[in-house]
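What follows is the content of target_38.tsv (TSV, C-alpha atoms and all ligand atoms).
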chain	number	residue	atom	x	y	z
H	801	MET	CA	84.08	83.31	26.53
H	802	VAL	CA	85.17	82.05	23.12
H	803	GLU	CA	85.38	85.00	20.76
H	804	VAL	CA	87.27	85.92	17.63
H	805	ARG	CA	88.50	89.39	16.74
H	806	VAL	CA	87.27	90.64	13.37
H	807	SER	CA	88.39	94.27	13.30
H	808	ASP	CA	90.61	93.60	10.25
H	809	VAL	CA	88.51	91.00	8.44
H	810	LYS	CA	85.38	93.10	8.45
H	811	LYS	CA	87.09	95.94	6.52
H	812	TRP	CA	87.44	94.27	3.11
H	813	ALA	CA	85.49	91.68	1.18
H	814	GLY	CA	87.57	88.59	0.53
H	815	ARG	CA	89.71	89.00	3.59
H	816	GLU	CA	90.24	85.95	5.81
H	817	ALA	CA	91.59	85.26	9.24
H	818	ALA	CA	92.40	81.89	10.77
H	819	VAL	CA	92.84	81.50	14.50
H	820	GLN	CA	93.47	78.55	16.77
H	821	MET	CA	91.84	79.20	20.11
H	822	VAL	CA	92.62	77.50	23.40
H	823	GLU	CA	90.01	78.46	25.99
H	824	PRO	CA	87.94	76.93	28.75
H	825	TRP	CA	84.70	75.38	27.47
H	826	PRO	CA	81.75	77.78	27.54
H	827	GLU	CA	79.26	76.97	30.32
H	828	ASP	CA	76.57	76.45	27.68
H	829	ALA	CA	78.62	73.70	26.05
H	830	GLN	CA	78.92	71.84	29.36
H	831	ALA	CA	75.20	72.34	30.00
H	832	ARG	CA	74.36	70.44	26.82
H	833	VAL	CA	76.49	67.39	27.57
H	834	ASP	CA	75.94	64.84	30.36
H	835	TYR	CA	79.66	64.15	30.79
H	836	PRO	CA	82.39	66.45	32.22
H	837	LEU	CA	84.17	68.16	29.33
H	838	ILE	CA	87.94	68.16	29.53
H	839	ASN	CA	89.51	71.62	29.31
H	840	PRO	CA	90.75	73.40	27.38
H	841	ALA	CA	88.59	73.74	24.29
H	842	GLN	CA	90.76	73.86	21.19
H	843	VAL	CA	88.81	75.43	18.38
H	844	ARG	CA	90.00	76.26	14.88
H	845	VAL	CA	88.23	79.35	13.60
H	846	LEU	CA	88.22	80.63	10.05
H	847	VAL	CA	86.51	83.98	9.42
H	848	ARG	CA	85.93	85.05	5.83
H	849	ASN	CA	84.51	88.37	4.66
H	850	ALA	CA	81.94	87.33	2.01
H	851	GLY	CA	81.11	90.91	1.07
H	852	GLY	CA	77.92	92.81	1.72
H	853	GLY	CA	78.75	93.03	5.38
H	854	THR	CA	78.61	89.28	5.82
H	855	LEU	CA	81.27	87.35	7.74
H	856	VAL	CA	81.26	83.58	7.37
H	857	VAL	CA	82.62	81.79	10.42
H	858	ASP	CA	83.78	78.16	10.25
H	859	ILE	CA	84.62	76.43	13.49
H	860	SER	CA	85.99	72.93	14.02
H	861	GLY	CA	87.74	70.96	16.68
H	862	GLN	CA	87.63	67.96	18.91
H	863	VAL	CA	85.78	67.71	22.19
H	864	LYS	CA	87.08	65.40	24.92
H	865	ALA	CA	84.97	64.27	27.83
H	866	LYS	CA	85.05	61.88	30.77
H	867	ALA	CA	82.46	59.35	29.69
H	868	VAL	CA	81.03	56.14	31.15
H	869	CYS	CA	80.44	53.14	28.91
H	870	ASP	CA	76.77	52.26	28.50
H	871	ARG	CA	77.62	48.56	28.17
H	872	CYS	CA	80.36	47.84	30.74
H	873	ALA	CA	79.96	50.91	33.03
H	874	GLU	CA	83.72	51.58	32.93
H	875	PRO	CA	84.88	55.22	32.77
H	876	PHE	CA	86.75	56.18	29.63
H	877	GLN	CA	87.80	59.28	27.77
H	878	ILE	CA	85.93	60.05	24.58
H	879	ALA	CA	87.07	62.37	21.79
H	880	LEU	CA	84.53	63.55	19.24
H	881	PRO	CA	84.97	65.89	16.28
H	882	PHE	CA	82.67	68.89	15.90
H	883	GLU	CA	82.22	71.57	13.29
H	884	ALA	CA	79.81	74.31	12.28
H	885	THR	CA	79.44	77.21	9.86
H	886	GLU	CA	77.51	80.37	10.57
H	887	GLU	CA	77.03	83.70	8.83
H	888	PHE	CA	77.26	86.89	10.85
H	889	ARG	CA	76.38	90.50	10.11
H	890	GLU	CA	77.32	93.52	12.04
H	891	GLU	CA	74.53	95.23	13.87
H	892	PRO	CA	73.14	97.68	13.11
H	893	GLY	CA	73.73	97.04	9.40
H	894	PRO	CA	72.62	99.24	6.52
H	895	ASN	CA	69.25	98.18	5.02
H	896	ASP	CA	69.37	95.19	7.28
H	897	GLU	CA	66.12	93.31	6.85
H	898	ASN	CA	67.48	89.84	6.34
H	899	LEU	CA	66.86	87.85	9.51
H	900	ASP	CA	68.77	84.75	8.40
H	901	TYR	CA	71.99	86.06	9.86
H	902	SER	CA	73.45	85.98	13.32
H	903	ARG	CA	74.56	89.39	14.61
H	904	PHE	CA	77.66	90.82	16.14
H	905	THR	CA	78.68	94.26	17.32
H	906	GLY	CA	82.08	95.88	17.53
H	907	ASP	CA	85.34	94.15	16.72
H	908	ALA	CA	84.70	90.63	17.98
H	909	ILE	CA	82.26	87.79	17.41
H	910	ASP	CA	81.14	85.79	20.42
H	911	LEU	CA	81.37	82.11	19.47
H	912	ASP	CA	79.98	80.59	22.67
H	913	GLU	CA	76.64	79.70	21.16
H	914	ILE	CA	77.90	78.20	17.90
H	915	VAL	CA	80.60	76.23	19.73
H	916	SER	CA	78.09	75.01	22.34
H	917	ASP	CA	75.57	73.95	19.68
H	918	ALA	CA	78.22	72.10	17.68
H	919	VAL	CA	79.52	70.29	20.77
H	920	GLY	CA	75.99	69.42	21.91
H	921	VAL	CA	75.06	67.69	18.66
H	922	SER	CA	78.39	65.87	18.36
H	923	PHE	CA	77.56	63.50	21.25
H	924	PRO	CA	75.74	60.27	20.31
H	925	ILE	CA	72.83	59.08	22.45
H	926	ALA	CA	74.71	56.00	23.66
H	927	LEU	CA	78.43	55.93	24.42
H	928	VAL	CA	80.47	52.73	24.33
H	929	CYS	CA	84.12	52.49	25.37
H	930	ARG	CA	84.87	50.64	22.11
H	931	PRO	CA	82.69	49.27	19.33
H	932	ASP	CA	83.24	45.65	20.36
H	933	CYS	CA	82.75	46.18	24.12
H	934	LYS	CA	81.31	42.92	25.44
H	935	GLY	CA	79.56	44.52	28.42
H	936	LEU	CA	78.72	42.98	31.79
H	937	CYS	CA	77.29	39.53	32.55
H	938	PRO	CA	73.66	40.14	33.51
H	939	VAL	CA	73.86	37.25	35.99
H	940	CYS	CA	77.10	37.76	37.96
H	941	GLY	CA	78.04	41.26	36.80
H	942	ILE	CA	81.55	40.33	35.70
H	943	ASN	CA	83.11	42.52	33.01
H	944	TRP	CA	83.24	40.31	29.92
H	945	ASN	CA	86.03	42.46	28.47
H	946	GLU	CA	88.30	41.39	31.33
H	947	SER	CA	87.30	37.81	32.04
H	948	THR	CA	84.74	35.11	31.44
H	949	CYS	CA	82.24	33.44	33.74
H	950	GLN	CA	80.40	30.12	33.90
H	951	CYS	CA	76.93	31.63	34.01
H	952	ALA	CA	74.29	30.10	31.78
H	953	PRO	CA	73.58	32.19	28.71
H	954	PRO	CA	71.26	35.02	29.73
H	955	ALA	CA	67.62	33.91	29.65
H	956	ASP	CA	65.13	36.02	27.83
H	957	ASN	CA	64.06	38.14	30.79
H	958	ARG	CA	60.86	39.31	29.18
H	959	TRP	CA	59.18	36.03	30.04
H	960	ALA	CA	60.38	35.81	33.65
H	961	PRO	CA	57.26	37.43	35.20
H	962	LEU	CA	55.03	35.15	33.10
H	963	ASP	CA	56.99	32.04	34.14
H	964	LYS	CA	56.48	32.99	37.78
H	965	LEU	CA	52.77	33.47	37.21
H	966	VAL	CA	52.45	30.10	35.50
H	967	ALA	CA	54.35	28.37	38.32
H	968	HIS	CA	52.08	30.05	40.85
H	969	HIS	CA	48.93	28.86	39.06
H	970	LEU	CA	50.28	25.32	38.73
H	971	ARG	CA	50.98	25.24	42.44
H	972	GLN	CA	47.46	26.50	43.23
H	973	HIS	CA	46.01	23.92	40.90
H	974	GLU	CA	47.97	21.11	42.59
H	975	GLU	CA	46.86	22.25	46.04
H	976	LEU	CA	43.27	22.38	44.86
H	977	GLU	CA	43.50	18.86	43.45
H	978	ARG	CA	45.07	17.64	46.67
H	979	ASP	CA	42.27	19.20	48.71
H	980	LYS	CA	39.65	17.66	46.45
H	981	ASN	CA	41.25	14.25	46.69
H	982	GLY	CA	41.55	14.63	50.43
H	983	ARG	CA	37.87	15.45	50.70
H	984	THR	CA	36.86	12.56	48.45
H	985	LYS	CA	38.84	10.13	50.56
H	986	ALA	CA	37.54	11.52	53.82
G	1001	ZN	ZN	82.49	49.21	27.61
G	1002	ZN	ZN	78.37	35.67	34.79
Please render this file's structure as structure tokens.
Ligand SMILES: [Zn+2]
Ligand SMILES: [Zn+2]
Amino acid sequence: MVEVRVSDVKKWAGREAAVQMVEPWPEDAQARVDYPLINPAQVRVLVRNAGGGTLVVDISGQVKAKAVCDRCAEPFQIALPFEATEEFREEPGPNDENLDYSRFTGDAIDLDEIVSDAVGVSFPIALVCRPDCKGLCPVCGINWNESTCQCAPPADNRWAPLDKLVAHHLRQHEELERDKNGRTKA
């Protein structure tokens, strides 16, 4: 579990504490990402007492994962920055009717959820090993980053089923004509 001790910070408004944490990734963080996260998680945490029983927690760091390129299918290691800010209040707080705050009890704040959320949103939908990855040849499958091939430029595949259909009809038409001619001659 990623958690930060706040026993000192929570005593006085204006007080701050900065911690660098090195922990295994929370299970929730891994659950949100399709690629194996590389341990450990290194998270910078800044806790600030904003007064009124409110602690503002800033987290930031870099998440590394074993990714697979969406273009060339090669495995590679990706490193993505993440950050988040969240306000916490101790529970039960005095006159505590404001529901916009996250809660904590005792002398530590559990950061699993905020870290997991931040890591989850840091991953883009498509991962490429590098911005100019050339990908694989759709004909022979060769990795265009590593070599070249003599394949014809990829045809527009959308029309392939239609081309087949047209060829089929042409063939039927020819056979029909042949039959007709055959009959006429007979
Ligand atoms: Zn690639
Ligand atoms: Zn090729």
Write out as a PyMOL selection string each polymer residue whose atoms come within 12 Å of range 811-819 of chain H, counting only C-alpha atoms; drop sequence neighbours fewer than 4 positions from it. chain H and resi 802-807+842-861+890+907
Hey, what's within 8 Å of range 942-952 of chain H if we count only C-alpha atoms and toss same-chain stuff fewer than 5 positions away? As a PyMOL selection string, please? chain H and resi 872+933-937
Tell me which of H:Asp912, H:Glu827, H:Asp932, H:Asp900 sits closest to ligand ZN 1001 (chain G), counting only C-alpha atoms and all ligand atoms.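 Of H:Asp912, H:Glu827, H:Asp932, H:Asp900, the one nearest ligand ZN 1001 (chain G), counting only C-alpha atoms and all ligand atoms, is H:Asp932.
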For a test of reading the model, state the distance in Å between CA of Lys866 in chain H and CA of Pro938 in chain H, rounded to one decimal.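 Distance between the two atoms: 24.7 Å.
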Please determine, counting all atoms listed in the file, which residue among H:Ala918, H:Leu837, H:Ala967, H:Ala926 has the shortest atom-to-atom distance to ligand ZN 1001 (chain G).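 Checking each candidate against ligand ZN 1001 (chain G), we get H:Ala926 as the closest.
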Leaving out Asp828 in chain H and any residue of its chain fewer than 3 positions from it, which residues lie within 7 Å of it when counting all atoms listed in the file, given as a compact mmCIF listing (two decimals) with C-alpha atoms, in the coordinates of the input?
# COMPACT_ATOMS: atom_id res chain seq x y z
CA ALA H 831 75.20 72.34 30.00
CA ARG H 832 74.36 70.44 26.82
CA SER H 916 78.09 75.01 22.34
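Between CA of Arg930 in chain H and CA of Val868 in chain H the separation is 11.3 Å.
CA of Trp825 in chain H to CA of Ile925 in chain H spans 20.8 Å [interatomic distance, one decimal].
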Provide an axis-aligned box for all listed atoms of range 970-980 of chain H, padding each side by 8 Å; report its centre and its edge lengths in Å to one decimal, as lines of an AutoDock Vina configuration file.
center_x = 45.3
center_y = 22.1
center_z = 43.7
size_x = 27.3
size_y = 24.9
size_z = 26.0
In file coordinates, which residues lie within 7 Å of (77.0, 72.4, 16.7) using all atoms listed in the file, given as a CSV table (one decimal) with C-alpha atoms, in the frame of the given file?
chain,number,residue,atom,x,y,z
H,882,PHE,CA,82.7,68.9,15.9
H,883,GLU,CA,82.2,71.6,13.3
H,884,ALA,CA,79.8,74.3,12.3
H,914,ILE,CA,77.9,78.2,17.9
H,915,VAL,CA,80.6,76.2,19.7
H,916,SER,CA,78.1,75.0,22.3
H,917,ASP,CA,75.6,74.0,19.7
H,918,ALA,CA,78.2,72.1,17.7
H,919,VAL,CA,79.5,70.3,20.8
H,920,GLY,CA,76.0,69.4,21.9
H,921,VAL,CA,75.1,67.7,18.7
H,922,SER,CA,78.4,65.9,18.4
